[in-house]
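Here the structure is laid out as structure tokens; the discussion comes afterwards.
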Amino acid sequence: YSLYSKGRFLGFKRGKRNQYEHTALVQLEDVNSKEETTFYAGKRIAYLYRAPTAKKGTNVRCIWGRITRSHGNSGVVRAKFRHNLPPSAMGSSVRVMLYPSNI
């Protein structure tokens with residue numbers, strides 16, 4: 001039993017020509033429909049990465065965000081992070097915290 005489930009950062013919200021970096025698209029693990037994403041709305045989401053220099057005794061840093069709504073019909077959600085995710089993060093995993101609870 002874990003306090004978080006996994007997700008994958010797919011890329012940014014975009015149209016045919018424009019890309020909106022303030023909204024990230026995340027595929028949630030074992031979530032395959034729009035109906036299943038409603039549980040995750042409002043949940044906190046964390047992108048962890050390793051930096052070359054240590055701060056506060058660790059090289060691991062984190063960008064926090066929040067799931068805002070679903071995207072499409074196949075279990076993808078939109079998320080807004082405090083700082084936009086870097087493009088190098090595309091395809092990497094994120095942690096979807098199971099709080100705050102709305103049950």
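Here's how to read the names in the structure tokens: chain A, B, ... by the order shown, residue numbers from 1 in each chain, ligand numbers from 1 in the order shown.
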Neighbouring residues of segment 76-93 of chain A were defined as those with any atom within 7 Å, considering only C-alpha atoms; residues of the same chain fewer than 2 positions away were excluded. Please report them as a short mmCIF file (atom, residue, chain, number, x, y, z; two decimals) with N, CA, C and O atoms, in the first residue's frame.
data_model
loop_
_atom_site.label_atom_id
_atom_site.label_comp_id
_atom_site.auth_asym_id
_atom_site.auth_seq_id
_atom_site.Cartn_x
_atom_site.Cartn_y
_atom_site.Cartn_z
N LYS A 6 1.40 5.92 -9.80
CA LYS A 6 2.32 6.42 -10.81
C LYS A 6 1.58 7.01 -11.99
O LYS A 6 0.44 6.66 -12.28
N GLY A 7 2.27 7.90 -12.67
CA GLY A 7 1.77 8.47 -13.91
C GLY A 7 2.95 8.77 -14.81
O GLY A 7 4.10 8.72 -14.38
N ARG A 8 2.65 9.10 -16.06
CA ARG A 8 3.72 9.42 -17.01
C ARG A 8 3.42 10.76 -17.66
O ARG A 8 2.31 11.01 -18.13
N PHE A 9 4.42 11.66 -17.66
CA PHE A 9 4.28 12.98 -18.27
C PHE A 9 4.42 12.83 -19.78
O PHE A 9 5.49 12.49 -20.28
N LEU A 10 3.33 13.06 -20.51
CA LEU A 10 3.32 12.83 -21.95
C LEU A 10 3.83 14.03 -22.74
O LEU A 10 4.48 13.88 -23.76
N GLY A 11 3.49 15.22 -22.29
CA GLY A 11 3.82 16.43 -23.03
C GLY A 11 2.92 17.54 -22.54
O GLY A 11 2.31 17.44 -21.48
N GLU A 21 2.49 25.47 -22.46
CA GLU A 21 3.37 24.83 -21.49
C GLU A 21 2.86 24.90 -20.06
O GLU A 21 3.36 24.19 -19.20
N HIS A 22 1.87 25.76 -19.80
CA HIS A 22 1.37 25.87 -18.42
C HIS A 22 0.49 24.70 -18.03
O HIS A 22 0.15 24.55 -16.86
N THR A 23 0.12 23.85 -18.99
CA THR A 23 -0.71 22.68 -18.68
C THR A 23 -0.03 21.42 -19.19
O THR A 23 0.25 21.29 -20.39
N ALA A 24 0.26 20.50 -18.28
CA ALA A 24 0.92 19.24 -18.64
C ALA A 24 -0.12 18.14 -18.79
O ALA A 24 -1.15 18.13 -18.11
N LEU A 25 0.15 17.18 -19.67
CA LEU A 25 -0.71 16.02 -19.86
C LEU A 25 -0.05 14.81 -19.21
O LEU A 25 1.12 14.53 -19.45
N VAL A 26 -0.81 14.12 -18.36
CA VAL A 26 -0.27 12.99 -17.60
C VAL A 26 -1.16 11.76 -17.82
O VAL A 26 -2.38 11.84 -17.66
N GLN A 27 -0.53 10.66 -18.22
CA GLN A 27 -1.24 9.38 -18.34
C GLN A 27 -1.14 8.65 -17.00
O GLN A 27 -0.04 8.37 -16.53
N LEU A 28 -2.27 8.37 -16.38
CA LEU A 28 -2.28 7.71 -15.08
C LEU A 28 -2.20 6.19 -15.25
O LEU A 28 -2.78 5.63 -16.18
N ILE A 63 9.10 19.19 -8.26
CA ILE A 63 8.18 20.23 -8.71
C ILE A 63 6.77 19.74 -8.41
O ILE A 63 6.37 18.66 -8.87
N TRP A 64 6.03 20.51 -7.63
CA TRP A 64 4.68 20.12 -7.21
C TRP A 64 3.63 20.68 -8.16
O TRP A 64 3.81 21.75 -8.75
N GLY A 65 2.53 19.96 -8.29
CA GLY A 65 1.43 20.42 -9.11
C GLY A 65 0.13 19.82 -8.63
O GLY A 65 0.07 19.19 -7.57
N ARG A 66 -0.91 20.03 -9.43
CA ARG A 66 -2.24 19.56 -9.07
C ARG A 66 -2.98 19.13 -10.33
O ARG A 66 -2.88 19.80 -11.36
N ILE A 67 -3.70 18.02 -10.24
CA ILE A 67 -4.50 17.56 -11.37
C ILE A 67 -5.76 18.43 -11.45
O ILE A 67 -6.47 18.59 -10.47
N THR A 68 -6.01 18.98 -12.64
CA THR A 68 -7.12 19.91 -12.79
C THR A 68 -8.37 19.27 -13.38
O THR A 68 -9.47 19.48 -12.90
N ARG A 69 -8.20 18.45 -14.43
CA ARG A 69 -9.36 17.86 -15.11
C ARG A 69 -8.89 16.75 -16.03
O ARG A 69 -7.70 16.51 -16.16
N SER A 70 -9.85 16.07 -16.65
CA SER A 70 -9.50 15.00 -17.58
C SER A 70 -9.17 15.59 -18.94
O SER A 70 -9.45 16.76 -19.24
N HIS A 71 -8.59 14.76 -19.81
CA HIS A 71 -8.22 15.19 -21.16
C HIS A 71 -8.47 14.02 -22.09
O HIS A 71 -7.79 12.99 -22.00
N GLY A 72 -9.47 14.15 -22.94
CA GLY A 72 -9.79 13.05 -23.85
C GLY A 72 -10.55 11.94 -23.15
O GLY A 72 -11.09 12.12 -22.05
N SER A 74 -9.29 8.58 -22.68
CA SER A 74 -8.48 7.38 -22.42
C SER A 74 -7.64 7.48 -21.15
O SER A 74 -6.55 6.93 -21.09
N ARG A 95 4.68 11.19 -9.61
CA ARG A 95 3.94 10.57 -8.52
C ARG A 95 2.61 11.30 -8.34
O ARG A 95 2.60 12.52 -8.18
#
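Selecting alpha helix (DSSP H) from the backbone DSSP output for chain A yields Lys34, Glu35, Glu36 and Thr37 of chain A.
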Q.
Can you tell me, as a ChimeraX atom specification, which residues in chain A count as strand (DSSP E) by DSSP?
A. /A:4-14,19-28,44-55,58-71,76-81,93-97
Would you export the selected residues with C-alpha atoms as a short mmCIF file (atom, residue, chain, number, x, y, z; two decimals), in the first residue's frame, please?
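Resulting contents of result.cif:
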data_model
loop_
_atom_site.label_atom_id
_atom_site.label_comp_id
_atom_site.auth_asym_id
_atom_site.auth_seq_id
_atom_site.Cartn_x
_atom_site.Cartn_y
_atom_site.Cartn_z
CA TYR A 4 0.97 7.60 -4.33
CA SER A 5 0.23 6.02 -7.68
CA LYS A 6 2.32 6.42 -10.81
CA GLY A 7 1.77 8.47 -13.91
CA ARG A 8 3.72 9.42 -17.01
CA PHE A 9 4.28 12.98 -18.27
CA LEU A 10 3.32 12.83 -21.95
CA GLY A 11 3.82 16.43 -23.03
CA PHE A 12 2.00 19.74 -22.94
CA LYS A 13 -1.54 20.69 -23.88
CA ARG A 14 -1.50 21.76 -27.49
CA GLN A 19 1.62 24.51 -27.40
CA TYR A 20 0.55 25.59 -23.91
CA GLU A 21 3.37 24.83 -21.49
CA HIS A 22 1.37 25.87 -18.42
CA THR A 23 -0.71 22.68 -18.68
CA ALA A 24 0.92 19.24 -18.64
CA LEU A 25 -0.71 16.02 -19.86
CA VAL A 26 -0.27 12.99 -17.60
CA GLN A 27 -1.24 9.38 -18.34
CA LEU A 28 -2.28 7.71 -15.08
CA ARG A 44 -1.41 16.60 -5.72
CA ILE A 45 1.20 15.49 -8.23
CA ALA A 46 4.99 15.52 -7.90
CA TYR A 47 7.78 15.37 -10.49
CA LEU A 48 11.03 14.20 -8.88
CA TYR A 49 14.40 14.67 -10.57
CA ARG A 50 18.09 14.55 -9.71
CA ALA A 51 20.14 17.73 -9.82
CA PRO A 52 23.94 17.91 -10.16
CA THR A 53 24.43 19.82 -6.89
CA ALA A 54 23.05 18.94 -3.48
CA LYS A 55 20.71 21.26 -1.59
CA THR A 58 20.12 15.73 -1.19
CA ASN A 59 20.39 15.84 -4.97
CA VAL A 60 16.70 14.99 -5.46
CA ARG A 61 14.39 17.92 -6.16
CA CYS A 62 10.66 18.14 -6.74
CA ILE A 63 8.18 20.23 -8.71
CA TRP A 64 4.68 20.12 -7.21
CA GLY A 65 1.43 20.42 -9.11
CA ARG A 66 -2.24 19.56 -9.07
CA ILE A 67 -4.50 17.56 -11.37
CA THR A 68 -7.12 19.91 -12.79
CA ARG A 69 -9.36 17.86 -15.11
CA SER A 70 -9.50 15.00 -17.58
CA HIS A 71 -8.22 15.19 -21.16
CA VAL A 76 -5.19 11.18 -19.55
CA VAL A 77 -5.48 14.16 -17.20
CA ARG A 78 -4.36 17.79 -17.31
CA ALA A 79 -2.13 19.07 -14.52
CA LYS A 80 -0.78 22.48 -13.57
CA PHE A 81 2.58 22.67 -11.84
CA SER A 93 7.27 9.23 -14.42
CA VAL A 94 5.47 11.40 -11.89
CA ARG A 95 3.94 10.57 -8.52
CA VAL A 96 0.20 11.12 -8.10
CA MET A 97 -0.45 11.55 -4.38
#
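Reported to one decimal place, the separation of atom CA of Thr38 of chain A from atom CA of Leu3 of chain A is 18.1 Å.
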(Q) With distances taken over only C-alpha atoms, which residue among A:Gly57, A:Glu29, A:Lys43, A:Asn73 lies nearest Ser101 of chain A? (A)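 Among A:Gly57, A:Glu29, A:Lys43, A:Asn73, it is A:Lys43 that comes nearest to Ser101 of chain A.
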